[in-house]
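This is data.cif. It holds mmCIF, C-alpha atoms.
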```
data_model
loop_
_atom_site.label_atom_id
_atom_site.label_comp_id
_atom_site.auth_asym_id
_atom_site.auth_seq_id
_atom_site.Cartn_x
_atom_site.Cartn_y
_atom_site.Cartn_z
CA MET A 1 80.27 105.29 52.55
CA PRO A 2 79.43 104.14 56.10
CA LYS A 3 83.06 104.52 57.24
CA LYS A 4 83.17 108.10 55.98
CA ARG A 5 79.87 108.82 57.66
CA LEU A 6 81.14 107.33 60.91
CA LEU A 7 84.26 109.49 60.82
CA TRP A 8 82.15 112.55 60.13
CA TRP A 9 80.00 111.78 63.17
CA ALA A 10 83.06 111.16 65.35
CA ARG A 11 84.51 114.51 64.31
CA HIS A 12 81.16 116.21 64.72
CA LEU A 13 80.80 114.81 68.25
CA PHE A 14 84.32 115.37 69.55
CA VAL A 15 86.18 117.96 67.43
CA PRO A 16 85.34 121.69 67.30
CA HIS A 17 84.38 122.34 63.68
CA HIS A 18 82.13 124.63 61.66
CA THR A 19 79.51 121.81 61.55
CA ASN A 20 79.13 121.98 65.34
CA ASN A 21 79.51 125.72 65.78
CA CYS A 22 83.19 125.30 66.75
CA LYS A 23 82.41 123.24 69.82
CA ALA A 24 82.37 119.44 70.16
CA LYS A 25 78.72 118.48 69.70
CA ILE A 26 78.78 116.20 72.75
CA LEU A 27 79.48 119.29 74.90
CA HIS A 28 76.45 121.19 73.62
CA PRO A 29 73.69 121.47 76.23
CA SER A 30 71.33 119.61 73.88
CA ALA A 31 73.69 116.60 73.65
CA LEU A 32 74.36 116.66 77.40
CA SER A 33 70.60 116.68 78.00
CA ILE A 34 70.34 113.56 75.82
CA LEU A 35 73.02 111.90 77.98
CA VAL A 36 71.02 112.77 81.13
CA GLY A 37 67.96 111.24 79.46
CA PHE A 38 69.93 108.14 78.51
CA PHE A 39 71.16 107.70 82.09
CA LEU A 40 67.66 108.12 83.54
CA PHE A 41 66.28 105.64 80.99
CA TYR A 42 69.01 103.18 81.98
CA GLN A 43 67.99 103.55 85.63
CA PHE A 44 64.36 103.00 84.69
CA ILE A 45 65.27 99.80 82.80
CA LEU A 46 67.34 98.63 85.79
CA ASN A 47 64.41 99.22 88.16
CA PHE A 48 62.05 97.44 85.80
CA TYR A 49 64.44 94.48 85.59
CA LEU A 50 64.62 94.38 89.39
CA LEU A 51 60.85 94.11 89.50
CA VAL A 52 60.51 91.34 86.92
CA SER A 53 63.64 89.40 87.84
CA PRO A 54 64.67 90.23 91.40
CA SER A 55 66.85 87.14 91.87
CA VAL A 56 69.33 88.06 89.14
CA LEU A 57 70.42 91.47 90.39
CA GLY A 58 71.75 91.84 93.88
CA PHE A 59 74.73 92.10 96.13
CA ALA A 60 76.93 89.26 97.35
CA SER A 61 79.05 89.79 100.44
CA ASP A 62 81.29 87.90 102.79
CA ILE A 63 80.55 89.13 106.31
CA ALA A 64 81.29 86.93 109.31
CA PRO A 65 79.38 87.90 112.47
CA GLU A 66 82.22 86.61 114.65
CA ARG A 67 84.66 88.91 112.87
CA VAL A 68 82.37 91.94 113.29
CA VAL A 69 82.19 91.27 117.04
CA GLU A 70 85.95 90.72 117.18
CA ILE A 71 86.74 94.03 115.44
CA THR A 72 84.16 95.86 117.55
CA ASN A 73 85.89 94.60 120.69
CA GLN A 74 89.28 95.52 119.23
CA LYS A 75 88.09 99.10 118.74
CA ARG A 76 86.80 99.18 122.32
CA ALA A 77 90.08 97.75 123.64
CA GLU A 78 91.99 100.52 121.85
CA GLN A 79 89.98 103.00 123.91
CA GLY A 80 90.54 101.07 127.13
CA LEU A 81 86.97 99.77 127.28
CA ASN A 82 85.90 96.31 128.37
CA PRO A 83 85.05 93.83 125.60
CA LEU A 84 81.39 93.14 124.95
CA THR A 85 80.08 89.66 125.68
CA VAL A 86 78.02 88.03 122.95
CA ASN A 87 74.51 87.46 124.23
CA GLY A 88 72.19 84.92 122.62
CA GLN A 89 69.07 86.92 123.35
CA LEU A 90 70.59 89.99 121.70
CA ASN A 91 71.58 87.87 118.68
CA GLU A 92 67.98 86.71 118.45
CA ALA A 93 66.72 90.31 118.75
CA ALA A 94 69.08 91.34 115.93
CA GLN A 95 67.89 88.41 113.80
CA ARG A 96 64.26 89.38 114.36
CA LYS A 97 64.99 93.01 113.49
CA ALA A 98 66.65 91.97 110.21
CA GLY A 99 63.75 89.61 109.48
CA ASP A 100 61.27 92.42 110.17
CA MET A 101 63.08 94.78 107.77
CA PHE A 102 62.91 92.18 104.99
CA ALA A 103 59.31 91.20 105.80
CA PHE A 104 58.03 94.78 105.80
CA ASN A 105 60.52 96.07 103.22
CA TYR A 106 62.13 98.97 105.10
CA TRP A 107 65.58 100.25 105.94
CA SER A 108 65.26 102.21 109.14
CA HIS A 109 65.65 102.03 112.92
CA VAL A 110 61.89 102.35 113.29
CA SER A 111 59.54 100.30 111.11
CA PRO A 112 56.85 102.00 108.98
CA SER A 113 54.28 100.85 111.54
CA GLY A 114 56.26 102.61 114.27
CA ARG A 115 57.91 99.55 115.77
CA SER A 116 61.09 100.55 117.62
CA PRO A 117 64.29 98.46 117.92
CA TRP A 118 63.53 98.00 121.61
CA SER A 119 60.40 95.98 120.93
CA PHE A 120 62.67 93.18 119.63
CA PHE A 121 64.63 93.29 122.90
CA GLN A 122 61.40 92.87 124.82
CA GLU A 123 60.20 90.14 122.45
CA VAL A 124 63.20 87.95 123.29
CA GLY A 125 62.96 88.76 126.99
CA TYR A 126 66.10 90.89 127.24
CA LYS A 127 65.69 93.41 130.05
CA TYR A 128 68.10 96.28 129.71
CA LEU A 129 69.20 99.49 131.29
CA PHE A 130 70.98 100.80 128.19
CA ALA A 131 70.48 99.73 124.61
CA GLY A 132 71.66 100.75 121.17
CA GLU A 133 71.46 99.69 117.55
CA ASN A 134 73.72 100.08 114.49
CA LEU A 135 72.57 99.07 111.03
CA ALA A 136 74.54 98.42 107.84
CA ARG A 137 73.77 97.02 104.43
CA ASP A 138 75.60 95.83 101.32
CA PHE A 139 79.16 95.92 102.56
CA MET A 140 81.75 93.60 101.05
CA ASN A 141 83.28 92.32 104.29
CA SER A 142 83.28 92.57 108.08
CA ASP A 143 86.16 95.08 108.26
CA ALA A 144 84.39 97.47 105.88
CA VAL A 145 81.24 97.41 108.03
CA VAL A 146 83.00 98.31 111.29
CA SER A 147 85.23 100.80 109.51
CA ALA A 148 82.14 102.63 108.15
CA TRP A 149 80.54 102.70 111.61
CA MET A 150 83.75 103.98 113.17
CA ASN A 151 83.86 106.83 110.64
CA SER A 152 80.39 107.97 111.64
CA PRO A 153 80.40 109.88 114.96
CA THR A 154 77.02 108.57 116.14
CA HIS A 155 77.73 104.92 115.27
CA ARG A 156 81.21 105.25 116.75
CA ASP A 157 79.65 106.52 119.99
CA ASN A 158 77.55 103.36 120.11
CA ILE A 159 80.56 101.08 119.59
CA LEU A 160 82.63 102.96 122.15
CA ASN A 161 79.89 103.39 124.72
CA GLY A 162 81.17 102.26 128.11
CA ASN A 163 77.64 101.62 129.36
CA TYR A 164 77.15 98.64 127.09
CA LYS A 165 78.16 95.22 128.38
CA GLU A 166 76.74 92.84 125.78
CA ILE A 167 76.38 92.62 122.05
CA GLY A 168 74.17 90.79 119.57
CA LEU A 169 74.69 90.52 115.84
CA ALA A 170 72.83 89.27 112.81
CA VAL A 171 73.99 89.14 109.19
CA VAL A 172 71.09 88.15 106.99
CA ASN A 173 70.54 87.96 103.24
CA GLY A 174 67.20 88.79 101.73
CA THR A 175 65.38 90.96 99.23
CA LEU A 176 64.86 94.61 100.06
CA ASN A 177 63.07 96.83 97.52
CA GLY A 178 63.55 94.10 94.93
CA VAL A 179 67.32 93.83 95.41
CA GLU A 180 69.26 90.98 97.03
CA THR A 181 70.67 92.68 100.11
CA THR A 182 72.88 91.75 103.04
CA LEU A 183 71.74 93.41 106.24
CA VAL A 184 73.92 93.69 109.32
CA VAL A 185 72.15 94.42 112.59
CA GLN A 186 74.35 95.15 115.61
CA VAL A 187 72.61 95.63 118.93
CA PHE A 188 74.10 96.60 122.26
CA GLY A 189 72.76 96.22 125.74
CA ALA A 190 73.50 96.51 129.41
CA PRO A 191 71.33 94.05 131.30
CA ILE A 192 69.90 95.35 134.51
CA SER A 193 72.04 92.87 136.42
CA SER A 194 75.23 94.59 135.19
CA PRO A 195 77.07 97.08 137.46
CA VAL A 196 75.70 100.11 135.60
CA ALA A 197 72.29 99.17 136.91
CA GLN A 198 73.41 100.51 140.27
CA LYS A 199 73.18 104.05 138.87
CA PRO A 200 69.94 105.85 139.65
CA ALA A 201 67.46 105.22 136.84
CA THR A 202 66.22 108.79 137.01
CA THR A 203 69.49 110.12 135.58
CA VAL A 204 68.74 108.64 132.16
CA LYS A 205 65.85 109.99 130.16
CA PRO A 206 64.00 107.67 127.78
CA THR A 207 64.79 108.53 124.18
CA LEU A 208 63.32 106.78 121.21
CA THR A 209 64.63 108.40 118.09
CA PRO A 210 65.92 106.80 114.87
CA THR A 211 69.42 108.09 115.56
CA PRO A 212 72.01 105.37 116.09
CA VAL A 213 72.84 106.38 119.64
CA LEU A 214 69.89 105.40 121.70
CA VAL A 215 69.83 105.01 125.42
CA THR A 216 66.59 103.82 126.93
CA PRO A 217 66.17 102.84 130.53
CA THR A 218 63.83 100.04 131.46
CA PRO A 219 61.19 101.19 133.94
CA VAL A 220 62.19 100.51 137.54
CA GLU A 221 59.57 97.81 138.02
CA GLN A 222 60.86 95.96 134.93
CA GLN A 223 64.40 96.18 136.22
CA THR A 224 63.44 94.50 139.44
CA ALA A 225 61.55 91.70 137.73
CA ALA A 226 64.22 91.18 135.10
CA ALA A 227 66.98 90.73 137.62
CA VAL A 228 65.75 87.19 138.05
CA GLN A 229 65.05 86.50 134.40
CA VAL A 230 68.44 87.38 132.90
CA PRO A 231 70.29 84.08 132.35
CA PRO A 232 73.72 83.64 133.92
CA VAL A 233 76.67 84.66 131.74
CA GLU A 234 77.99 81.08 131.42
CA GLU A 235 74.67 80.07 129.83
CA GLN A 236 74.65 82.97 127.39
CA ILE A 237 77.91 82.18 125.58
CA PRO A 238 77.01 78.75 124.09
CA LEU A 239 73.63 80.11 122.98
CA ALA A 240 75.39 83.05 121.37
CA ARG A 241 77.75 80.79 119.49
CA VAL A 242 74.86 78.78 118.09
CA ALA A 243 73.10 81.95 116.94
CA LEU A 244 76.25 83.35 115.35
CA ALA A 245 76.87 80.06 113.56
CA GLN A 246 73.32 80.12 112.22
CA ALA A 247 73.77 83.69 111.06
CA SER A 248 77.03 82.79 109.31
CA GLN A 249 75.34 80.08 107.28
CA GLU A 250 72.89 82.55 105.89
CA VAL A 251 75.43 85.01 104.50
CA THR A 252 76.89 82.77 101.79
CA SER A 253 75.22 83.54 98.49
CA PRO A 254 76.20 83.12 94.83
CA PRO A 255 77.71 86.14 93.07
CA LEU A 256 75.07 88.33 91.51
CA LEU A 257 75.02 91.26 89.13
CA SER A 258 75.07 94.26 91.40
CA PRO A 259 72.84 97.22 90.40
CA PHE A 260 75.42 99.41 92.12
CA LEU A 261 78.28 98.13 89.97
CA LEU A 262 76.17 98.34 86.80
CA THR A 263 75.31 101.96 87.64
CA LYS A 264 78.90 102.78 88.59
CA THR A 265 80.22 101.38 85.29
CA ILE A 266 77.84 103.53 83.24
CA ALA A 267 78.54 106.55 85.49
CA VAL A 268 82.31 106.25 85.00
CA PHE A 269 81.84 105.76 81.25
CA LEU A 270 79.59 108.82 80.81
CA LEU A 271 81.63 111.16 83.01
CA GLY A 272 84.85 109.86 81.42
CA LEU A 273 83.41 110.49 77.96
CA ILE A 274 82.50 114.08 78.83
CA LEU A 275 85.88 114.61 80.50
CA GLY A 276 87.73 113.32 77.42
CA ALA A 277 85.66 115.52 75.12
CA LEU A 278 86.34 118.55 77.34
CA LEU A 279 90.08 117.88 77.35
CA LEU A 280 90.16 117.51 73.54
CA ASP A 281 88.07 120.65 73.14
CA ILE A 282 90.37 122.67 75.41
CA ILE A 283 93.47 121.57 73.45
CA LEU A 284 91.95 122.18 70.00
CA VAL A 285 90.42 125.54 70.93
CA TYR A 286 93.81 126.65 72.26
CA GLN A 287 95.70 125.37 69.19
CA LYS A 288 93.27 126.78 66.63
CA LYS A 289 92.76 129.99 68.66
CA ILE A 290 88.98 129.67 68.34
CA ILE A 291 86.99 132.53 69.84
CA ARG A 292 83.42 131.67 70.85
CA LEU A 293 80.78 132.45 73.44
CA SER A 294 80.89 129.44 75.74
CA GLY A 295 81.17 128.34 79.34
CA ARG A 296 84.63 127.80 80.78
CA ASN A 297 85.78 124.36 79.73
CA VAL A 298 88.54 124.35 82.37
CA ALA A 299 85.87 124.92 85.04
CA HIS A 300 83.73 122.13 83.56
CA LEU A 301 86.81 119.90 83.55
CA ILE A 302 87.52 120.57 87.24
CA PHE A 303 83.88 120.05 88.23
CA ILE A 304 83.26 116.89 86.19
CA GLY A 305 86.71 115.52 87.11
CA GLY A 306 85.98 116.00 90.81
CA LEU A 307 82.65 114.25 90.59
CA LEU A 308 84.21 111.43 88.54
CA LEU A 309 86.68 110.97 91.38
CA ALA A 310 83.78 110.88 93.86
CA VAL A 311 82.06 108.22 91.72
CA ILE A 312 85.23 106.11 91.53
CA LEU A 313 85.77 106.32 95.30
CA THR A 314 82.16 105.51 96.15
CA THR A 315 81.91 101.95 97.40
CA PRO A 316 78.75 99.97 98.07
CA GLY A 317 77.29 99.95 101.53
CA ALA A 318 75.18 102.14 103.74
CA ILE A 319 74.86 102.62 107.47
CA LEU A 320 72.04 103.85 109.63
CA MET B 1 94.86 137.29 87.17
CA LYS B 2 91.17 137.93 87.77
CA ASP B 3 90.41 134.52 86.26
CA LEU B 4 92.96 132.89 88.52
CA LYS B 5 91.16 134.25 91.59
CA HIS B 6 87.88 132.90 90.25
CA TYR B 7 89.38 129.47 89.59
CA LEU B 8 90.97 129.39 93.04
CA LEU B 9 87.56 130.18 94.51
CA LEU B 10 86.01 127.36 92.47
CA LEU B 11 88.73 124.97 93.63
CA ALA B 12 88.14 126.02 97.24
CA ILE B 13 84.37 125.42 96.94
CA LEU B 14 84.88 122.03 95.32
CA SER B 15 87.60 121.02 97.80
CA ILE B 16 85.32 121.80 100.76
CA GLY B 17 82.48 119.91 99.05
CA PHE B 18 84.58 116.84 98.32
CA GLY B 19 86.09 116.96 101.80
CA LEU B 20 82.61 116.86 103.31
CA PHE B 21 81.62 114.14 100.83
CA TRP B 22 84.53 112.06 102.12
CA ILE B 23 83.86 112.81 105.81
CA PHE B 24 80.24 111.73 105.46
CA ASN B 25 81.16 108.56 103.59
CA PHE B 26 78.35 105.97 103.84
CA ASN B 27 75.90 108.59 105.09
CA ARG B 28 74.07 108.65 101.79
CA GLN B 29 71.46 111.29 102.62
CA ILE B 30 74.09 113.86 103.57
CA GLN B 31 76.25 112.92 100.58
CA ILE B 32 73.29 113.50 98.26
CA LEU B 33 72.68 116.92 99.83
CA ILE B 34 76.37 117.80 99.45
CA THR B 35 76.29 116.77 95.76
CA ILE B 36 73.21 118.92 95.07
CA ALA B 37 74.78 121.84 96.97
CA LEU B 38 77.95 121.50 94.88
CA GLY B 39 75.89 121.55 91.68
CA ILE B 40 74.07 124.72 92.75
CA ALA B 41 77.35 126.35 93.85
CA TYR B 42 78.86 125.54 90.45
CA VAL B 43 76.00 127.21 88.56
CA VAL B 44 76.25 130.27 90.84
CA TRP B 45 80.02 130.40 90.33
CA GLY B 46 79.65 130.20 86.54
CA THR B 47 76.98 132.90 86.47
CA ILE B 48 78.97 135.30 88.65
CA HIS B 49 82.18 134.55 86.75
CA HIS B 50 80.68 135.48 83.38
CA ALA B 51 78.73 138.42 84.80
CA THR B 52 81.88 140.01 86.22
CA ARG B 53 83.54 139.60 82.82
CA ARG B 54 80.50 141.24 81.15
CA GLU B 55 79.78 138.05 79.25
CA PHE B 56 76.49 137.23 80.90
CA HIS B 57 74.11 135.37 78.63
CA TRP B 58 71.27 133.00 79.49
CA ARG B 59 72.75 130.46 77.08
CA LEU B 60 75.86 130.30 79.27
CA VAL B 61 73.80 129.90 82.44
CA TRP B 62 71.92 127.06 80.74
CA GLU B 63 75.25 125.40 79.89
CA TYR B 64 76.34 125.48 83.54
CA VAL B 65 72.94 124.18 84.63
CA VAL B 66 73.15 121.24 82.21
CA VAL B 67 76.76 120.37 83.18
CA ALA B 68 75.85 120.52 86.88
CA THR B 69 72.69 118.48 86.29
CA ILE B 70 74.35 115.61 84.42
CA ALA B 71 77.12 115.30 87.01
CA CYS B 72 74.73 115.54 89.98
CA VAL B 73 72.13 113.15 88.51
CA ILE B 74 74.82 110.52 87.91
CA VAL B 75 76.33 110.83 91.41
CA VAL B 76 72.96 110.96 93.19
CA PHE B 77 71.65 107.86 91.40
CA LEU B 78 74.87 106.01 92.17
CA LEU B 79 74.53 106.95 95.85
CA LEU B 80 70.93 105.74 95.83
CA ARG B 81 72.09 102.41 94.40
CA SER B 82 74.80 101.90 97.01
#
```
Structure re-expressed in structure tokens:
Amino acid sequence: MPKKRLLWWARHLFVPHHTNNCKAKILHPSALSILVGFFLFYQFILNFYLLVSPSVLGFASDIAPERVVEITNQKRAEQGLNPLTVNGQLNEAAQRKAGDMFAFNYWSHVSPSGRSPWSFFQEVGYKYLFAGENLARDFMNSDAVVSAWMNSPTHRDNILNGNYKEIGLAVVNGTLNGVETTLVVQVFGAPISSPVAQKPATTVKPTLTPTPVLVTPTPVEQQTAAAVQVPPVEEQIPLARVALAQASQEVTSPPLLSPFLLTKTIAVFLLGLILGALLLDIILVYQKKIIRLSGRNVAHLIFIGGLLLAVILTTPGAIL
Amino acid sequence: MKDLKHYLLLLAILSIGFGLFWIFNFNRQIQILITIALGIAYVVWGTIHHATRREFHWRLVWEYVVVATIACVIVVFLLLRS
């Protein structure tokens, strides 16, 4: 009888019995190894599907560049810092950086060919005394992006850096490693015409590392030449608005199946299954007073339960 | 009573691990390292726990390794997807 067979298997998998050596079969190392194999196979299938059909899986988000700038300035105001002015050239530099990451398929401050964030500043003709860059990807909304940056000491230092006077932002959708991705590039700058330029240039050492807090002085000769080239502030604002509007148009995308959510669903299911089996095993072993050589199920329960909680609390998004 | 001390130690290790996991939210590389460290710490805890109770057996160590592996593999792959 199939129903009888099914019940036998259910009992064999989840109830300590003589058929499973008095321990739920699903908790045997052999069965757990099969579950690891199943999860890895699932990941392999997901990767394969991303390769053959990259447009189906992805991540849809609703990030407004204006809102990111607004929250950034709110955070600065809370610390008594001046608000950052949106600069069109910095917006363009951020757009180019995002475009470069999609074009060359990387997620880093420095491109695989060694191109630094500052090359994009130079490309758009932005001459700076101080500059910084924050990156984020796959967040649901603008608040979540800034919140994640504020929780990271190095990104927070960038947002709350008093040396910066201007900001540029790009939110761009594209395909990164075969997955539809929303990249957020936030760049900061202090043009050489700003008051901080009065400080001696020799006090700041050039640093070019992939850490989020990056302060790079422009060589003295560049500072002098750039003083003429930096457009007046009243010209920068309309240009910035146009760039932000363009960026906003690019972030609207249809909902997609997210590989993250697909993985999270399976992760919660598998860990929940093991947790349930452990709980049942603990109760039955206690009731039936079964004595056996086995690991501590209570310890397994605490460990798996903790990691299940970590899985549930993990939300999509990454910063750099 | 001896078991209680061991479980309190395990809870302390896991609490520190999950605290760090939370602090380094969105810093995926560090979160992955924390997860792997927690898995290793769990296997070490299990081994020492059974050894002090004179129950040491390689089969038990293997059980802790497999439990730690399945949990860590799942969390690490989820972090890589996020």
For this structure, which residues satisfy the selection - the PyMOL selection byres ((chain A) within 7 of (chain B)) - when it is evaluated on the file as given? I want them as a PyMOL selection string. chain A and resi 29+32-33+36+148+259-260+263-264+267+294-295+304+307+311+316-319
Box for range 97-116 of chain A - axis-aligned, 8 Å on each of the six sides, all listed atoms - centre and size in Å to one decimal, as lines of an AutoDock Vina configuration file.
```
center_x = 60.5
center_y = 96.1
center_z = 110.4
size_x = 28.4
size_y = 29.0
size_z = 30.4
```
Å distance separating CA of Leu90 in chain A from CA of Ala77 in chain A, one decimal place: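 Result for CA of Leu90 in chain A versus CA of Ala77 in chain A: 21.1 Å, one decimal.
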So which residues are close to (86.3, 86.0, 113.3), meaning at most 12 Å away in the file's coordinates with all atoms listed in the file counted, and can you show them as a count of residues only? 20
Between CA of Tyr164 in chain A and CA of Arg137 in chain A, what distance in Å does the model show, to one decimal?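 Computed distance, CA of Tyr164 in chain A to CA of Arg137 in chain A, equals 23.0 Å.
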Hey, can you check how far CA of Ile45 in chain A sits from CA of Asn173 in chain A? 24.2 Å
Just so the selection is clear, what residues does the PyMOL selection byres ((chain A and resi 46) around 12) cover here, as a PyMOL selection string? (chain A and resi 39-45+47-54+56-58+178-179+257-263+266) or (chain B and resi 77+81)
So that I can see what lies close to Ser111 in chain A, please list as a ChimeraX atom specification the residues with an atom at most 12 Å from it, counting only C-alpha atoms and leaving out residues fewer than 3 positions away in the same chain. /A:97-108,114-120,209-210
Running the PyMOL selection byres ((chain A and resi 134) around 12) on this model by hand, what would come out? Give it as a ChimeraX atom specification. /A:68,72,94,97-98,107-109,117,131-133,135-137,145-146,148-150,152-159,167-170,183-189,210-214,318-320
Which one is closest to Glu123 in chain A: A:Val86, A:Ile34, A:Ala93, A:Ala144? Count all atoms listed in the file.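 Closest to Glu123 in chain A, using all atoms listed in the file: A:Ala93.
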Starting from the sparse input, extend range 67-80 of chain A to N, CA and C atoms and give the output as a PDB file, in the frame of the given file.
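rebuild_24.pdb, written as the output of this step:
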```
ATOM      1  N   ARG A  67      83.615  87.923 113.190  1.00  0.00           N
ATOM      2  CA  ARG A  67      84.660  88.910 112.870  1.00  0.00           C
ATOM      3  C   ARG A  67      84.182  90.332 113.225  1.00  0.00           C
ATOM      4  N   VAL A  68      82.913  90.613 112.962  1.00  0.00           N
ATOM      5  CA  VAL A  68      82.370  91.940 113.290  1.00  0.00           C
ATOM      6  C   VAL A  68      82.466  92.179 114.798  1.00  0.00           C
ATOM      7  N   VAL A  69      82.111  91.151 115.573  1.00  0.00           N
ATOM      8  CA  VAL A  69      82.190  91.270 117.040  1.00  0.00           C
ATOM      9  C   VAL A  69      83.649  91.443 117.468  1.00  0.00           C
ATOM     10  N   GLU A  70      84.520  90.665 116.839  1.00  0.00           N
ATOM     11  CA  GLU A  70      85.950  90.720 117.180  1.00  0.00           C
ATOM     12  C   GLU A  70      86.515  92.124 116.932  1.00  0.00           C
ATOM     13  N   ILE A  71      86.214  92.690 115.752  1.00  0.00           N
ATOM     14  CA  ILE A  71      86.740  94.030 115.440  1.00  0.00           C
ATOM     15  C   ILE A  71      86.122  95.074 116.364  1.00  0.00           C
ATOM     16  N   THR A  72      84.825  94.915 116.642  1.00  0.00           N
ATOM     17  CA  THR A  72      84.160  95.860 117.550  1.00  0.00           C
ATOM     18  C   THR A  72      84.882  95.864 118.902  1.00  0.00           C
ATOM     19  N   ASN A  73      85.197  94.683 119.402  1.00  0.00           N
ATOM     20  CA  ASN A  73      85.890  94.600 120.690  1.00  0.00           C
ATOM     21  C   ASN A  73      87.321  95.124 120.602  1.00  0.00           C
ATOM     22  N   GLN A  74      87.937  94.957 119.438  1.00  0.00           N
ATOM     23  CA  GLN A  74      89.280  95.520 119.230  1.00  0.00           C
ATOM     24  C   GLN A  74      89.232  97.040 119.351  1.00  0.00           C
ATOM     25  N   LYS A  75      88.230  97.629 118.717  1.00  0.00           N
ATOM     26  CA  LYS A  75      88.090  99.100 118.740  1.00  0.00           C
ATOM     27  C   LYS A  75      87.851  99.577 120.174  1.00  0.00           C
ATOM     28  N   ARG A  76      87.072  98.811 120.921  1.00  0.00           N
ATOM     29  CA  ARG A  76      86.800  99.180 122.320  1.00  0.00           C
ATOM     30  C   ARG A  76      88.079  99.045 123.148  1.00  0.00           C
ATOM     31  N   ALA A  77      88.841  97.971 122.880  1.00  0.00           N
ATOM     32  CA  ALA A  77      90.080  97.750 123.640  1.00  0.00           C
ATOM     33  C   ALA A  77      91.065  98.888 123.410  1.00  0.00           C
ATOM     34  N   GLU A  78      91.083  99.397 122.162  1.00  0.00           N
ATOM     35  CA  GLU A  78      91.990 100.520 121.850  1.00  0.00           C
ATOM     36  C   GLU A  78      91.653 101.752 122.677  1.00  0.00           C
ATOM     37  N   GLN A  79      90.409 101.855 123.091  1.00  0.00           N
ATOM     38  CA  GLN A  79      89.980 103.000 123.910  1.00  0.00           C
ATOM     39  C   GLN A  79      89.951 102.645 125.395  1.00  0.00           C
ATOM     40  N   GLY A  80      90.473 101.481 125.735  1.00  0.00           N
ATOM     41  CA  GLY A  80      90.540 101.070 127.130  1.00  0.00           C
ATOM     42  C   GLY A  80      89.207 100.620 127.701  1.00  0.00           C
TER      43      GLY A  80
END
```
